[in-house]
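To start, the structure itself, in structure tokens.
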Amino acid sequence: MGYAKIRSVALQGVVGQVIVVEADVAPGLPSLVVSGLPDAALTEARDRIRAAVHNSGATWPQQRITVNLLPAHVRKHGSGFDTAMALAVLAAGADLPTRLLVDAVILGELGLDGTLRPVRGVLPAVLAASRAGAGLVVVPPGNVDEARLVPDVRVRAADCLGRIIGFVHGTETLLDPPTQPPPAQRPPADLADVLGQERGRRAIELAAAGRHHLAMFGPPGAGKTLLAQRLPGILPELTEQESIEVTALHSVAGELPADGGLIRRAPLQAPHHTSSIAALVGGGSGIAKPGAISLAHHGVLFLDECAEFQASALNALREPLEHGEVRLRRVHGETVYPARAQLVLAANPCPCARPGGDAMCQCPPGVRVRYRSRLSGPLLDRVDLQVDVVAVRAAALFGTEPAESSATVAARVVRARQAAARRWAPHARSNGEVPAAVLRDRRFRLPRTVLQPLATAMDRGQLSARGMDRATRVAWTVADLDGRDRPTIDDVHEALEMRSRRGR
Ligand SMILES: [Zn+2]
């Protein structure tokens with residue numbers, strides 16, 4: 001009979017918060033009440049925990065047991081508190097000593113047989129434990145490598161509840177498995193493999209340097225996918241902070257790459273056009289999982305054959321792209337995931353997509369018009385670079401110079417990004433993110449003579465006011481890549497050419 005508490009971690013989206021699992025055991029009819037805003041999964045945990053305790057050779061207190069999770073206002077979900085709850089109950093009702101667990105944080109789901117099973121979101125959980133000053137974090141063996149990504153925290157593993165019980169009694173030790181060296185990462189696809197296709201290569205470089213959203217239109221075989229796959233390889237390597245954010249999101253989604261290390265390259269997500277809205281922006285039953293747009297945080301969200309996506313799915317991406325985060329409304333509140341992704345759209349020019357281009361098209365006119373209108377939705381309205389790419393004929397490749405490698409392009413991209421970040425601070429970090437008001441501010445407004453090509457295009461009805469802003473942003477990127485302080489009329493010309501889609 002008594003009271004005990006054990007610490008664990010609850011996740012709010014991708015942020016962990018240390019919580020206290022307290023247990024009180026009092027005389028009365030045997031029962032177990034769990035309070036502290038638990039969700040359905042937590043209620044189900046009661047039977048699981050009781051079975052796990054029995055099967056670990058410990059005795060479940062046959063009394064009135066109350067388990068409470070603090071602080072009460074923090075939403076808790078999932079099965080990551082199983083082990084902490086079992087230990088708290090045993091400490092309160094079965095004389096389990098907790099001296100060795102005073103500054104510990106315990107993570108892990110319990111199997112009926114008492115084994116500890118890996119949980120999602122261990123990286124953000126251990127980060128929270130570290131912030132709270134935990135001296136020891138106990139995790140299931142399958143989560144050890146991920147937990148050790150957080151420096152300066154003592155991480156130990158327990159394969160079963162019995163081991164932790166043995167540990168606090170001084171009869172067993174926790175596991176300290178050697179960290180697996182991460183296997184050599186496959187180098188990302190290199191731009192040197194894309195021969196010819198000057199326009200597409202240039203578009204990718206501009207997209208990387210200015211962090212512009214990009215749309216590519218062209219027949220199958222024009223290399224749209226090859227180009228999109230190579231964008232992450234020319235983006236700047238993630239900063240330490242970005243690296244942790246991206247890895248934490250993949251951890252919460254249960255999609256950490258097998259190599260175990262921090263994700264240091266800009267991620268690429270390429271969801272299929274049949275993907276559900278939940279797969280794109282996040283959701284699902286129980287714990288709301290991050291969707292493709294959050295897994296592409298600080299990286300690239302590539303929508304191939306974007307005209308084939310459901311209109312509702314594309315619409316669902318609008319707000320996250322605008323705000324850099326996804327808000328998922330749930331029964332018990334809201335889950336927020338970061339979603340600062342760079343969008344790359346690719347589409348065939350028409351449904352029949354014949355290699356010969358428009359001249360060979362066999363689509364009925366009405367079908368073509370409908371297809372194009374699906375492309376020119378509100379999503380495309382946010383895309384600075386909208387280029388047509390054509391298939392490269394094999395003959396055109398003979399005798400061509402070897403193409404520039406990703407490393408060479410990436411070096412230019414880094415310099416351009418730095419120049420832009422210095423210029424726009426504190427309003428934006430890249431040209432693609434500069435608010436229109438800043439773009440038109442007296443300090444940055446470009447002279448009429450330089451903007452002349454855009455004014456002409458507007459007069460002809462080929463460019464909207466927003467289109468003008470987007471072209472101006474791209475012109476800044478052209479200048480940054482060439483190391484110029486300000487765009488010239490030539491830079492503006494090139495920017496306009498990179499919006500060659502009819503009508504915009
Ligand atoms: Zn066609």
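Numbering starts fresh at 1 for the residues of each chain in the structure tokens, the chains themselves are lettered A, B, ... in the order given, and ligands are numbered from 1 as they appear.
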Taking only C-alpha atoms and all ligand atoms into account, list the residues no farther than 7 Å from ligand 1, as a list of chain:residue names.
A:Cys350, A:Pro351, A:Cys352, A:Ala353, A:Arg354, A:Asp358, A:Cys361, A:Gln362, A:Cys363, A:Arg368
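The list of residues with at least one atom within 7 Å of Ser243 in chain A, based on only C-alpha atoms and without residues fewer than 6 positions apart in the same chain, reads Leu262, Ile263 and Arg264 of chain A.
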Please write the residues from the selection above to a file, keeping C-alpha atoms, as a PDB file, in the first residue's frame.
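Full text of again.pdb as output:
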ATOM      1  CA  LEU A 262      20.303  11.740 -37.972  1.00  0.00           C
ATOM      2  CA  ILE A 263      18.827  12.708 -41.334  1.00  0.00           C
ATOM      3  CA  ARG A 264      21.300  15.271 -42.656  1.00  0.00           C
TER       4      ARG A 264
END
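The environment of Ala479 in chain A within 10 Å, counting only C-alpha atoms and disregarding residues fewer than 3 places along the same chain, consists of Ala416, Ala419, Ala420, Val474, Ala475, Trp476, Asp482, Gly483, Arg484, Asp485, Arg486, Pro487, Thr488, Asp490, Asp491 and Val492 of chain A.
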File dump, residues just selected, N, CA and C atoms, as a compact mmCIF listing (two decimals), in the first residue's frame:
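New file result-v9.txt:
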# COMPACT_ATOMS: atom_id res chain seq x y z
N ALA A 416 24.49 31.55 -53.27
CA ALA A 416 23.30 32.34 -53.60
C ALA A 416 22.36 32.43 -52.39
N ALA A 419 23.69 34.95 -49.88
CA ALA A 419 23.47 36.34 -50.30
C ALA A 419 22.01 36.75 -50.05
N ALA A 420 21.10 35.86 -50.39
CA ALA A 420 19.67 36.17 -50.21
C ALA A 420 19.32 36.30 -48.73
N VAL A 474 12.30 35.38 -58.83
CA VAL A 474 13.21 34.52 -59.60
C VAL A 474 14.38 35.35 -60.15
N ALA A 475 14.08 36.59 -60.57
CA ALA A 475 15.15 37.45 -61.09
C ALA A 475 16.22 37.68 -60.02
N TRP A 476 15.80 37.86 -58.78
CA TRP A 476 16.77 38.00 -57.69
C TRP A 476 17.63 36.75 -57.58
N ASP A 482 24.64 34.49 -59.99
CA ASP A 482 25.75 35.08 -60.74
C ASP A 482 26.59 36.02 -59.89
N GLY A 483 26.24 36.15 -58.62
CA GLY A 483 27.03 36.99 -57.74
C GLY A 483 26.82 38.48 -57.96
N ARG A 484 25.67 38.87 -58.50
CA ARG A 484 25.39 40.31 -58.69
C ARG A 484 24.54 40.82 -57.53
N ASP A 485 24.73 42.13 -57.20
CA ASP A 485 23.99 42.73 -56.10
C ASP A 485 22.51 42.87 -56.40
N ARG A 486 22.20 43.16 -57.67
CA ARG A 486 20.83 43.47 -58.07
C ARG A 486 20.55 42.80 -59.42
N PRO A 487 19.32 42.44 -59.66
CA PRO A 487 18.99 41.88 -60.98
C PRO A 487 19.13 42.91 -62.09
N THR A 488 19.55 42.45 -63.24
CA THR A 488 19.60 43.29 -64.45
C THR A 488 18.38 42.95 -65.30
N ASP A 490 18.49 41.52 -68.07
CA ASP A 490 18.69 40.16 -68.58
C ASP A 490 18.18 39.12 -67.58
N ASP A 491 18.44 39.39 -66.30
CA ASP A 491 17.96 38.47 -65.26
C ASP A 491 16.44 38.41 -65.28
N VAL A 492 15.81 39.57 -65.48
CA VAL A 492 14.36 39.62 -65.53
C VAL A 492 13.84 38.85 -66.75
As a PyMOL selection string, please: every residue in range 19-225 of chain A that a backbone DSSP assignment puts in strand (DSSP E or B).
chain A and resi 19-26+31-35+38+64-70+76+104-106+109-110+115-117+136-139+155-157+160+175+214-217
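Across the structure, CA of Thr472 in chain A and CA of Pro232 in chain A are spaced 24.0 Å apart.
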Near Glu255 in chain A, within 10 Å and counting only C-alpha atoms, which residues show up once chain neighbours fewer than 5 positions away are dropped, as a PyMOL selection string?
chain A and resi 120-121+247-250+295
Prev. selection, C-alpha atoms, output as a PDB file, in the first residue's frame:
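Below is the file selection-v5.pdb, written as the result:
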ATOM      1  CA  ARG A 120       7.570   5.920 -32.198  1.00  0.00           C
ATOM      2  CA  GLY A 121       8.957   9.361 -31.523  1.00  0.00           C
ATOM      3  CA  THR A 247      14.612  13.143 -37.898  1.00  0.00           C
ATOM      4  CA  ALA A 248      12.060  13.699 -35.131  1.00  0.00           C
ATOM      5  CA  LEU A 249       9.222  13.940 -37.670  1.00  0.00           C
ATOM      6  CA  HIS A 250      10.298  10.718 -39.347  1.00  0.00           C
ATOM      7  CA  LEU A 295       8.123  14.222 -43.863  1.00  0.00           C
TER       8      LEU A 295
END
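Nearest residue to Ala209 in chain A among A:Leu235, A:Ala359, A:Ala192, A:Val137 is A:Leu235, counting only C-alpha atoms.
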So that I can check the surroundings of Leu110 in chain A, please list as a ChimeraX atom specification every protein, DNA and RNA residue that reaches within 9 Å of it, counting only C-alpha atoms and ignoring chain neighbours fewer than 3 positions away.
/A:45,48-49,52,79-83,86,113-117,160-161
Output of the above residues as a short mmCIF file (atom, residue, chain, number, x, y, z; two decimals), in the first residue's frame, restricted to N, CA, C and O atoms:
data_model
loop_
_atom_site.label_atom_id
_atom_site.label_comp_id
_atom_site.auth_asym_id
_atom_site.auth_seq_id
_atom_site.Cartn_x
_atom_site.Cartn_y
_atom_site.Cartn_z
N ALA A 45 -4.66 -0.08 -22.30
CA ALA A 45 -3.36 -0.48 -21.76
C ALA A 45 -3.50 -1.21 -20.42
O ALA A 45 -2.64 -1.99 -20.04
N ARG A 48 -3.30 -4.92 -20.67
CA ARG A 48 -1.99 -5.30 -21.18
C ARG A 48 -0.95 -5.22 -20.05
O ARG A 48 -0.13 -6.09 -19.87
N ILE A 49 -1.03 -4.13 -19.28
CA ILE A 49 -0.05 -3.92 -18.23
C ILE A 49 -0.18 -4.98 -17.14
O ILE A 49 0.81 -5.54 -16.65
N ALA A 52 1.30 -8.15 -18.41
CA ALA A 52 2.75 -8.06 -18.49
C ALA A 52 3.38 -8.22 -17.11
O ALA A 52 4.42 -8.87 -16.95
N SER A 79 1.11 4.11 -26.50
CA SER A 79 1.41 3.04 -25.56
C SER A 79 2.78 3.22 -24.93
O SER A 79 3.29 2.32 -24.28
N GLY A 80 3.37 4.40 -25.12
CA GLY A 80 4.72 4.63 -24.63
C GLY A 80 4.83 4.71 -23.12
O GLY A 80 5.92 4.64 -22.56
N PHE A 81 3.68 4.83 -22.41
CA PHE A 81 3.73 4.93 -20.94
C PHE A 81 3.52 3.60 -20.24
O PHE A 81 3.54 3.53 -19.02
N ASP A 82 3.27 2.54 -21.02
CA ASP A 82 2.97 1.23 -20.43
C ASP A 82 3.94 0.87 -19.31
O ASP A 82 3.55 0.53 -18.19
N THR A 83 5.23 0.95 -19.65
CA THR A 83 6.25 0.46 -18.72
C THR A 83 6.29 1.32 -17.46
O THR A 83 6.40 0.81 -16.34
N ALA A 86 3.36 0.40 -15.27
CA ALA A 86 3.56 -0.88 -14.57
C ALA A 86 4.50 -0.70 -13.38
O ALA A 86 4.24 -1.20 -12.27
N ASP A 113 3.52 -10.59 -22.68
CA ASP A 113 4.51 -11.46 -22.03
C ASP A 113 5.54 -10.66 -21.23
O ASP A 113 6.48 -11.23 -20.69
N GLY A 114 5.38 -9.34 -21.19
CA GLY A 114 6.29 -8.53 -20.39
C GLY A 114 7.48 -7.98 -21.17
O GLY A 114 8.33 -7.32 -20.60
N THR A 115 7.55 -8.24 -22.48
CA THR A 115 8.65 -7.66 -23.26
C THR A 115 8.39 -6.19 -23.52
O THR A 115 7.24 -5.74 -23.58
N LEU A 116 9.48 -5.43 -23.67
CA LEU A 116 9.37 -4.01 -24.03
C LEU A 116 9.43 -3.88 -25.54
O LEU A 116 10.34 -4.41 -26.17
N ARG A 117 8.46 -3.19 -26.09
CA ARG A 117 8.40 -3.04 -27.53
C ARG A 117 8.73 -1.60 -27.92
O ARG A 117 8.38 -0.67 -27.21
N CYS A 160 12.83 -6.47 -21.26
CA CYS A 160 11.55 -6.86 -20.65
C CYS A 160 11.38 -6.17 -19.30
O CYS A 160 12.34 -5.66 -18.72
N LEU A 161 10.14 -6.14 -18.86
CA LEU A 161 9.83 -5.51 -17.57
C LEU A 161 10.61 -6.19 -16.44
O LEU A 161 11.08 -5.53 -15.51
#
Can you tell me which residues surround Ala288 in chain A at a distance of at most 12 Å, considering only C-alpha atoms, apart from same-chain residues fewer than 3 positions away, and format the answer as a PDB file with N, CA and C atoms, in the first residue's frame?
ATOM      1  N   LEU A  11       4.074  13.001 -26.218  1.00  0.00           N
ATOM      2  CA  LEU A  11       4.400  13.788 -27.402  1.00  0.00           C
ATOM      3  C   LEU A  11       3.224  14.670 -27.792  1.00  0.00           C
ATOM      4  N   GLN A  12       3.509  15.949 -28.003  1.00  0.00           N
ATOM      5  CA  GLN A  12       2.529  16.866 -28.578  1.00  0.00           C
ATOM      6  C   GLN A  12       3.008  17.127 -29.993  1.00  0.00           C
ATOM      7  N   GLY A  13       2.421  16.467 -30.966  1.00  0.00           N
ATOM      8  CA  GLY A  13       2.967  16.576 -32.313  1.00  0.00           C
ATOM      9  C   GLY A  13       4.369  16.019 -32.296  1.00  0.00           C
ATOM     10  N   VAL A  14       5.326  16.898 -32.520  1.00  0.00           N
ATOM     11  CA  VAL A  14       6.697  16.412 -32.610  1.00  0.00           C
ATOM     12  C   VAL A  14       7.534  16.911 -31.424  1.00  0.00           C
ATOM     13  N   HIS A  77      -1.250  10.173 -25.455  1.00  0.00           N
ATOM     14  CA  HIS A  77      -1.805   9.088 -26.254  1.00  0.00           C
ATOM     15  C   HIS A  77      -0.697   8.099 -26.579  1.00  0.00           C
ATOM     16  N   GLY A  78      -1.135   6.943 -27.013  1.00  0.00           N
ATOM     17  CA  GLY A  78      -0.163   5.932 -27.395  1.00  0.00           C
ATOM     18  C   GLY A  78       0.151   4.984 -26.259  1.00  0.00           C
ATOM     19  N   ARG A 120       7.238   4.843 -31.262  1.00  0.00           N
ATOM     20  CA  ARG A 120       7.570   5.920 -32.198  1.00  0.00           C
ATOM     21  C   ARG A 120       7.946   7.185 -31.433  1.00  0.00           C
ATOM     22  N   LEU A 249      10.465  14.156 -36.928  1.00  0.00           N
ATOM     23  CA  LEU A 249       9.222  13.940 -37.670  1.00  0.00           C
ATOM     24  C   LEU A 249       9.159  12.527 -38.232  1.00  0.00           C
ATOM     25  N   VAL A 252       8.441  10.133 -35.369  1.00  0.00           N
ATOM     26  CA  VAL A 252       7.039  10.115 -34.934  1.00  0.00           C
ATOM     27  C   VAL A 252       6.177   9.350 -35.943  1.00  0.00           C
ATOM     28  N   ALA A 253       6.551   9.463 -37.225  1.00  0.00           N
ATOM     29  CA  ALA A 253       5.791   8.757 -38.265  1.00  0.00           C
ATOM     30  C   ALA A 253       6.155   7.275 -38.312  1.00  0.00           C
ATOM     31  N   GLY A 254       7.191   6.878 -37.563  1.00  0.00           N
ATOM     32  CA  GLY A 254       7.656   5.494 -37.626  1.00  0.00           C
ATOM     33  C   GLY A 254       8.348   5.201 -38.945  1.00  0.00           C
ATOM     34  N   ALA A 278      -4.982  12.063 -45.899  1.00  0.00           N
ATOM     35  CA  ALA A 278      -4.238  11.762 -44.666  1.00  0.00           C
ATOM     36  C   ALA A 278      -2.780  11.432 -44.978  1.00  0.00           C
ATOM     37  N   ALA A 279      -2.551  10.714 -46.058  1.00  0.00           N
ATOM     38  CA  ALA A 279      -1.171  10.369 -46.408  1.00  0.00           C
ATOM     39  C   ALA A 279      -0.386  11.614 -46.805  1.00  0.00           C
ATOM     40  N   VAL A 281      -1.160  15.076 -45.908  1.00  0.00           N
ATOM     41  CA  VAL A 281      -1.001  16.124 -44.894  1.00  0.00           C
ATOM     42  C   VAL A 281      -0.954  15.583 -43.468  1.00  0.00           C
ATOM     43  N   GLY A 282      -1.248  14.293 -43.301  1.00  0.00           N
ATOM     44  CA  GLY A 282      -1.202  13.716 -41.963  1.00  0.00           C
ATOM     45  C   GLY A 282      -2.584  13.365 -41.462  1.00  0.00           C
ATOM     46  N   GLY A 283      -2.634  12.541 -40.421  1.00  0.00           N
ATOM     47  CA  GLY A 283      -3.914  12.145 -39.854  1.00  0.00           C
ATOM     48  C   GLY A 283      -3.919  10.666 -39.531  1.00  0.00           C
ATOM     49  N   GLY A 284      -5.035  10.030 -39.786  1.00  0.00           N
ATOM     50  CA  GLY A 284      -5.178   8.623 -39.444  1.00  0.00           C
ATOM     51  C   GLY A 284      -5.823   8.484 -38.082  1.00  0.00           C
ATOM     52  N   SER A 285      -6.202   7.262 -37.748  1.00  0.00           N
ATOM     53  CA  SER A 285      -6.882   7.054 -36.476  1.00  0.00           C
ATOM     54  C   SER A 285      -5.858   6.972 -35.351  1.00  0.00           C
ATOM     55  N   GLY A 291       2.087  13.571 -42.339  1.00  0.00           N
ATOM     56  CA  GLY A 291       1.929  13.155 -43.722  1.00  0.00           C
ATOM     57  C   GLY A 291       3.162  13.482 -44.547  1.00  0.00           C
ATOM     58  N   SER A 294       4.884  16.824 -44.173  1.00  0.00           N
ATOM     59  CA  SER A 294       5.719  17.015 -42.984  1.00  0.00           C
ATOM     60  C   SER A 294       6.994  16.185 -43.064  1.00  0.00           C
ATOM     61  N   VAL A 326       1.268  21.995 -40.436  1.00  0.00           N
ATOM     62  CA  VAL A 326      -0.017  21.329 -40.616  1.00  0.00           C
ATOM     63  C   VAL A 326      -0.728  21.310 -39.270  1.00  0.00           C
ATOM     64  N   ARG A 327      -1.990  21.709 -39.282  1.00  0.00           N
ATOM     65  CA  ARG A 327      -2.791  21.613 -38.050  1.00  0.00           C
ATOM     66  C   ARG A 327      -3.840  20.535 -38.253  1.00  0.00           C
ATOM     67  N   LEU A 328      -3.729  19.459 -37.487  1.00  0.00           N
ATOM     68  CA  LEU A 328      -4.658  18.342 -37.609  1.00  0.00           C
ATOM     69  C   LEU A 328      -5.627  18.407 -36.440  1.00  0.00           C
ATOM     70  N   ARG A 329      -6.896  18.611 -36.765  1.00  0.00           N
ATOM     71  CA  ARG A 329      -7.882  18.716 -35.700  1.00  0.00           C
ATOM     72  C   ARG A 329      -8.349  17.320 -35.316  1.00  0.00           C
ATOM     73  N   ARG A 330      -8.294  17.026 -34.028  1.00  0.00           N
ATOM     74  CA  ARG A 330      -8.681  15.720 -33.518  1.00  0.00           C
ATOM     75  C   ARG A 330      -9.780  15.906 -32.487  1.00  0.00           C
ATOM     76  N   VAL A 331     -10.355  14.779 -32.074  1.00  0.00           N
ATOM     77  CA  VAL A 331     -11.417  14.829 -31.071  1.00  0.00           C
ATOM     78  C   VAL A 331     -10.937  15.556 -29.816  1.00  0.00           C
ATOM     79  N   HIS A 332      -9.719  15.231 -29.380  1.00  0.00           N
ATOM     80  CA  HIS A 332      -9.236  15.771 -28.104  1.00  0.00           C
ATOM     81  C   HIS A 332      -8.368  17.005 -28.283  1.00  0.00           C
ATOM     82  N   GLY A 333      -8.422  17.626 -29.445  1.00  0.00           N
ATOM     83  CA  GLY A 333      -7.601  18.816 -29.620  1.00  0.00           C
ATOM     84  C   GLY A 333      -6.879  18.784 -30.943  1.00  0.00           C
ATOM     85  N   GLU A 334      -5.778  19.494 -30.995  1.00  0.00           N
ATOM     86  CA  GLU A 334      -5.125  19.725 -32.267  1.00  0.00           C
ATOM     87  C   GLU A 334      -3.683  19.242 -32.211  1.00  0.00           C
ATOM     88  N   THR A 335      -3.238  18.612 -33.282  1.00  0.00           N
ATOM     89  CA  THR A 335      -1.832  18.229 -33.385  1.00  0.00           C
ATOM     90  C   THR A 335      -1.199  19.076 -34.478  1.00  0.00           C
ATOM     91  N   VAL A 336      -0.053  19.659 -34.161  1.00  0.00           N
ATOM     92  CA  VAL A 336       0.626  20.516 -35.131  1.00  0.00           C
ATOM     93  C   VAL A 336       1.951  19.883 -35.533  1.00  0.00           C
ATOM     94  N   TYR A 337       2.163  19.761 -36.823  1.00  0.00           N
ATOM     95  CA  TYR A 337       3.443  19.274 -37.334  1.00  0.00           C
ATOM     96  C   TYR A 337       4.047  20.322 -38.263  1.00  0.00           C
TER      97      TYR A 337
END
Report the residues of range 225-402 of chain A whose backbone DSSP state falls under alpha helix (DSSP H), written as a ChimeraX atom specification.
/A:225-234,240-252,277-281,292-295,311-323,365-375
Students should find that CA of Arg473 in chain A and CA of Gly210 in chain A are spaced 7.9 Å
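One finds CA of Leu496 in chain A at 21.4 Å from CA of Arg412 in chain A.
Distances from A:Glu305, A:Glu146, A:Asp103, A:Asp480 to Gly133 in chain A were compared using only C-alpha atoms, and the smallest one belongs to A:Asp103.
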Between A:Ser276, A:Asn143, A:Thr456, A:Gln386, which residue has the minimum interatomic distance to Gly261 in chain A, considering only C-alpha atoms?
A:Asn143
For a quick check of understanding, using only C-alpha atoms, which of A:Asp176, A:Arg186, A:Ala51, A:Ser430 has the smallest distance to Ala207 in chain A?
A:Ser430
